[in-house]
Amino acid sequence: GIQVEQSPPDLILQEGANSTLRCNFSDSVNNLQWFHQNPWGQLINLFYIPSGTKQNGRLSATTVATERYSLLYISSSQTTDSGVYFCAVEPDNYGQNFVFGPGTRLSVLP
Amino acid sequence: GAGVSQSPSNKVTEKGKDVELRCDPISGHTALYWYRQSLGQGLEFLIYFQGNSAPDKSGLPSDRFSAERTGGSVSTLTIQRTQQEDSAVYLCASSLRADRVRGLWEQYFGPGTRLTVT
């Protein structure tokens with residue numbers, strides 16, 4: 001089946017810094033989502049981005065499906081950005097479920 | 001509108017007992033997913049329901065695990081004869097639909113049920 005990798009596995013930032021998280025996948029995908037799991041365990045939708053670029057406030061994401069990767073950019077990080085960031089991909093076969101990457105654990109220090 | 005809800009939020013059970021976990025998806029969502037997340041780990045897919053189609057059970061770890069979705073809405077995940085390794089957070093998600101043109105739509109997650117088997 002499809003393999004999903006995320007890098008870096010762990011990231012520590014000072015408040016105000018910028019960061020880029022990466023998601024690589026081994027096969028063609030129909031769709032891709034980015035999630036933030038906050039310290040209380042709730043998974044929050046960030047982006048549904050099968051291709052192209054989207055922005056939402058301090059966050060933006062770019063997916064280059066032909067090259068099998070997606071990037072999540074966090075600018076001017078805040079302590080509330082701490083948590084685990086997951087990407088999830090839908091393999092390019094109808095009826096397949098989303099496959100999650102292992103996540104990037106982000107800690108933003110005050 | 002209301003999001004995905006799950007109950008109970010926490011469940012402590014003794015080894016060998018059966019448990020039922022409930023998921024109420026967002027109204028009108030035809031696709032429903034169950035995942036398991038062990039402490040500090042990623043999400044492990046368990047089962048996926050799409051409309052009236054046969055569910056994708058490929059992620060269920062053993063025959064002690066089963067799930068139903070009645071009336072195309074509420075779903076129940078049942079774990080029989082629980083073991084300590086079943087301790088985890090069980091997450092449910094729903095999405096509006098899945099179709100051949102767009103594929104799977106955005107998933108929305110519930111708060112999870114934390115299961116502890118003693």
# chains A, B, ... in the order shown; residues from 1 in each chain; ligands from 1
$ interface_residues --of "chain A" --to "chain B" --cutoff "7 Å" --atoms "only C-alpha atoms" --output "JSON, numbers by chain"
{"A": [30, 31, 42, 43, 45, 48, 94, 97, 100, 102, 103]}
$ closest_residue --among "A:Leu72, A:Val99, A:Val64, A:Val29" --to "Pro8 in chain A" --atoms "only C-alpha atoms"
A:Leu72
$ residues_around --residues "range 80-82 of chain A" --least-positions-apart "4" --cutoff "9 Å" --atoms "only C-alpha atoms" --output "PyMOL selection string"
chain A and resi 36-39+74+105-109
$ select_by_dssp --residues "range 34-94 of chain A" --states "helix (DSSP H, G or I)" --output "ChimeraX atom specification"
/A:65-67,79-81
$ write_last_selection --atoms "all heavy atoms" --output "CSV table (one decimal), in the first residue's frame"
chain,number,residue,atom,x,y,z
A,65,ALA,N,1.2,17.3,-6.4
A,65,ALA,CA,0.8,15.9,-6.5
A,65,ALA,C,1.7,15.1,-7.5
A,65,ALA,O,2.0,14.0,-7.3
A,65,ALA,CB,-0.7,15.8,-7.0
A,66,THR,N,2.1,15.8,-8.6
A,66,THR,CA,2.9,15.1,-9.6
A,66,THR,C,4.3,14.7,-9.0
A,66,THR,O,4.9,13.8,-9.5
A,66,THR,CB,3.1,16.0,-10.8
A,66,THR,OG1,3.7,17.3,-10.4
A,66,THR,CG2,1.8,16.2,-11.6
A,67,GLU,N,4.7,15.4,-8.0
A,67,GLU,CA,6.0,15.1,-7.3
A,67,GLU,C,5.8,14.4,-6.0
A,67,GLU,O,6.8,14.2,-5.3
A,67,GLU,CB,6.9,16.4,-7.2
A,67,GLU,CG,7.2,17.0,-8.6
A,67,GLU,CD,8.2,18.1,-8.5
A,67,GLU,OE1,8.9,18.2,-7.4
A,67,GLU,OE2,8.3,18.9,-9.4
A,79,THR,N,2.5,29.8,20.8
A,79,THR,CA,2.5,28.6,21.6
A,79,THR,C,1.3,27.7,21.4
A,79,THR,O,1.4,26.5,21.5
A,79,THR,CB,2.6,29.0,23.1
A,79,THR,OG1,1.5,29.9,23.4
A,79,THR,CG2,3.9,29.8,23.4
A,80,THR,N,0.2,28.3,20.9
A,80,THR,CA,-1.0,27.5,20.7
A,80,THR,C,-0.8,26.7,19.4
A,80,THR,O,-1.7,25.8,19.1
A,80,THR,CB,-2.2,28.5,20.5
A,80,THR,OG1,-1.9,29.5,19.5
A,80,THR,CG2,-2.6,29.1,21.8
A,81,ASP,N,0.2,26.9,18.6
A,81,ASP,CA,0.5,26.0,17.5
A,81,ASP,C,1.1,24.7,17.9
A,81,ASP,O,1.2,23.8,17.1
A,81,ASP,CB,1.4,26.7,16.5
A,81,ASP,CG,0.9,28.0,15.9
A,81,ASP,OD1,-0.4,28.0,15.8
A,81,ASP,OD2,1.7,28.8,15.5
$ closest_residue --among "B:Leu46, B:Val12, B:Leu32, B:Ala2" --to "Val74 in chain B" --atoms "only C-alpha atoms"
B:Leu32
$ select_by_dssp --residues "range 1-108 of chain B" --states "strand (DSSP E or B)" --output "ChimeraX atom specification"
/B:5-7,10-13,19-24,31-37,43-50,56,65-69,75-79,88-95,98-99,103-104,108
$ residues_around --residues "Glu85 in chain B" --least-positions-apart "6" --cutoff "12 Å" --atoms "only C-alpha atoms" --output "NGL selection string"
:B and (15-16 or 36-39 or 61-62 or 79 or 115-118)
$ write_last_selection --atoms "C-alpha atoms" --output "PDB file, in the first residue's frame"
ATOM      1  CA  LYS B  15      -9.648  -7.365  30.932  1.00  0.00           C
ATOM      2  CA  GLY B  16     -12.019  -9.839  29.330  1.00  0.00           C
ATOM      3  CA  ARG B  36      -7.258   3.925  16.905  1.00  0.00           C
ATOM      4  CA  GLN B  37      -4.458   5.981  18.404  1.00  0.00           C
ATOM      5  CA  SER B  38      -2.176   4.450  20.990  1.00  0.00           C
ATOM      6  CA  LEU B  39      -0.269   6.708  23.374  1.00  0.00           C
ATOM      7  CA  PRO B  61      -6.809  -5.968  14.202  1.00  0.00           C
ATOM      8  CA  SER B  62      -8.645  -9.139  15.231  1.00  0.00           C
ATOM      9  CA  ILE B  79     -14.538  -4.873  21.288  1.00  0.00           C
ATOM     10  CA  LEU B 115     -10.328   3.249  26.565  1.00  0.00           C
ATOM     11  CA  THR B 116      -8.321   1.834  29.447  1.00  0.00           C
ATOM     12  CA  VAL B 117      -8.255  -1.908  30.007  1.00  0.00           C
ATOM     13  CA  THR B 118      -7.050  -2.890  33.472  1.00  0.00           C
TER      14      THR B 118
END
$ atom_distance --atom1 "CA of Arg69 in chain B" --atom2 "CA of Arg114 in chain B"
20.5 Å
$ atom_distance --atom1 "CA of Ala61 in chain A" --atom2 "CA of Ser95 in chain B"
20.9 Å
$ closest_residue --among "A:Gly101, A:Lys54, A:Val84, A:Trp40" --to "Leu11 in chain A" --atoms "only C-alpha atoms"
A:Val84
$ atom_distance --atom1 "CA of Phe47 in chain A" --atom2 "CA of Gly72 in chain B"
26.6 Å
$ residues_around --residues "Ser73 in chain B" --least-positions-apart "6" --cutoff "9 Å" --atoms "only C-alpha atoms" --output "list in words"
Cys23, Asp24, Pro25, Ile26, Ser27, Gly28, His29, Thr30 and Leu32 of chain B
$ write_last_selection --atoms "N, CA and C atoms" --output "mmCIF file, in the first residue's frame"
data_model
loop_
_atom_site.group_PDB
_atom_site.id
_atom_site.type_symbol
_atom_site.label_atom_id
_atom_site.label_comp_id
_atom_site.auth_asym_id
_atom_site.auth_seq_id
_atom_site.Cartn_x
_atom_site.Cartn_y
_atom_site.Cartn_z
ATOM 1 N N CYS B 23 -20.472 6.449 17.979
ATOM 2 C CA CYS B 23 -20.115 7.625 17.173
ATOM 3 C C CYS B 23 -21.365 8.161 16.486
ATOM 4 N N ASP B 24 -21.605 9.459 16.650
ATOM 5 C CA ASP B 24 -22.664 10.151 15.929
ATOM 6 C C ASP B 24 -22.023 11.068 14.903
ATOM 7 N N PRO B 25 -22.139 10.759 13.628
ATOM 8 C CA PRO B 25 -21.476 11.595 12.620
ATOM 9 C C PRO B 25 -22.230 12.896 12.405
ATOM 10 N N ILE B 26 -21.628 13.782 11.648
ATOM 11 C CA ILE B 26 -22.296 15.012 11.253
ATOM 12 C C ILE B 26 -23.494 14.638 10.375
ATOM 13 N N SER B 27 -24.608 15.286 10.638
ATOM 14 C CA SER B 27 -25.834 14.978 9.910
ATOM 15 C C SER B 27 -25.628 15.124 8.406
ATOM 16 N N GLY B 28 -26.038 14.097 7.670
ATOM 17 C CA GLY B 28 -25.923 14.137 6.217
ATOM 18 C C GLY B 28 -24.637 13.550 5.680
ATOM 19 N N HIS B 29 -23.678 13.268 6.559
ATOM 20 C CA HIS B 29 -22.430 12.670 6.098
ATOM 21 C C HIS B 29 -22.649 11.188 5.837
ATOM 22 N N THR B 30 -22.229 10.746 4.652
ATOM 23 C CA THR B 30 -22.460 9.352 4.297
ATOM 24 C C THR B 30 -21.266 8.457 4.602
ATOM 25 N N LEU B 32 -18.141 7.239 7.118
ATOM 26 C CA LEU B 32 -17.779 7.210 8.543
ATOM 27 C C LEU B 32 -16.579 6.303 8.720
#
$ closest_residue --among "A:Ile49, A:Cys87, A:Pro9, A:Ile2" --to "Ser26 in chain A" --atoms "only C-alpha atoms"
A:Ile2
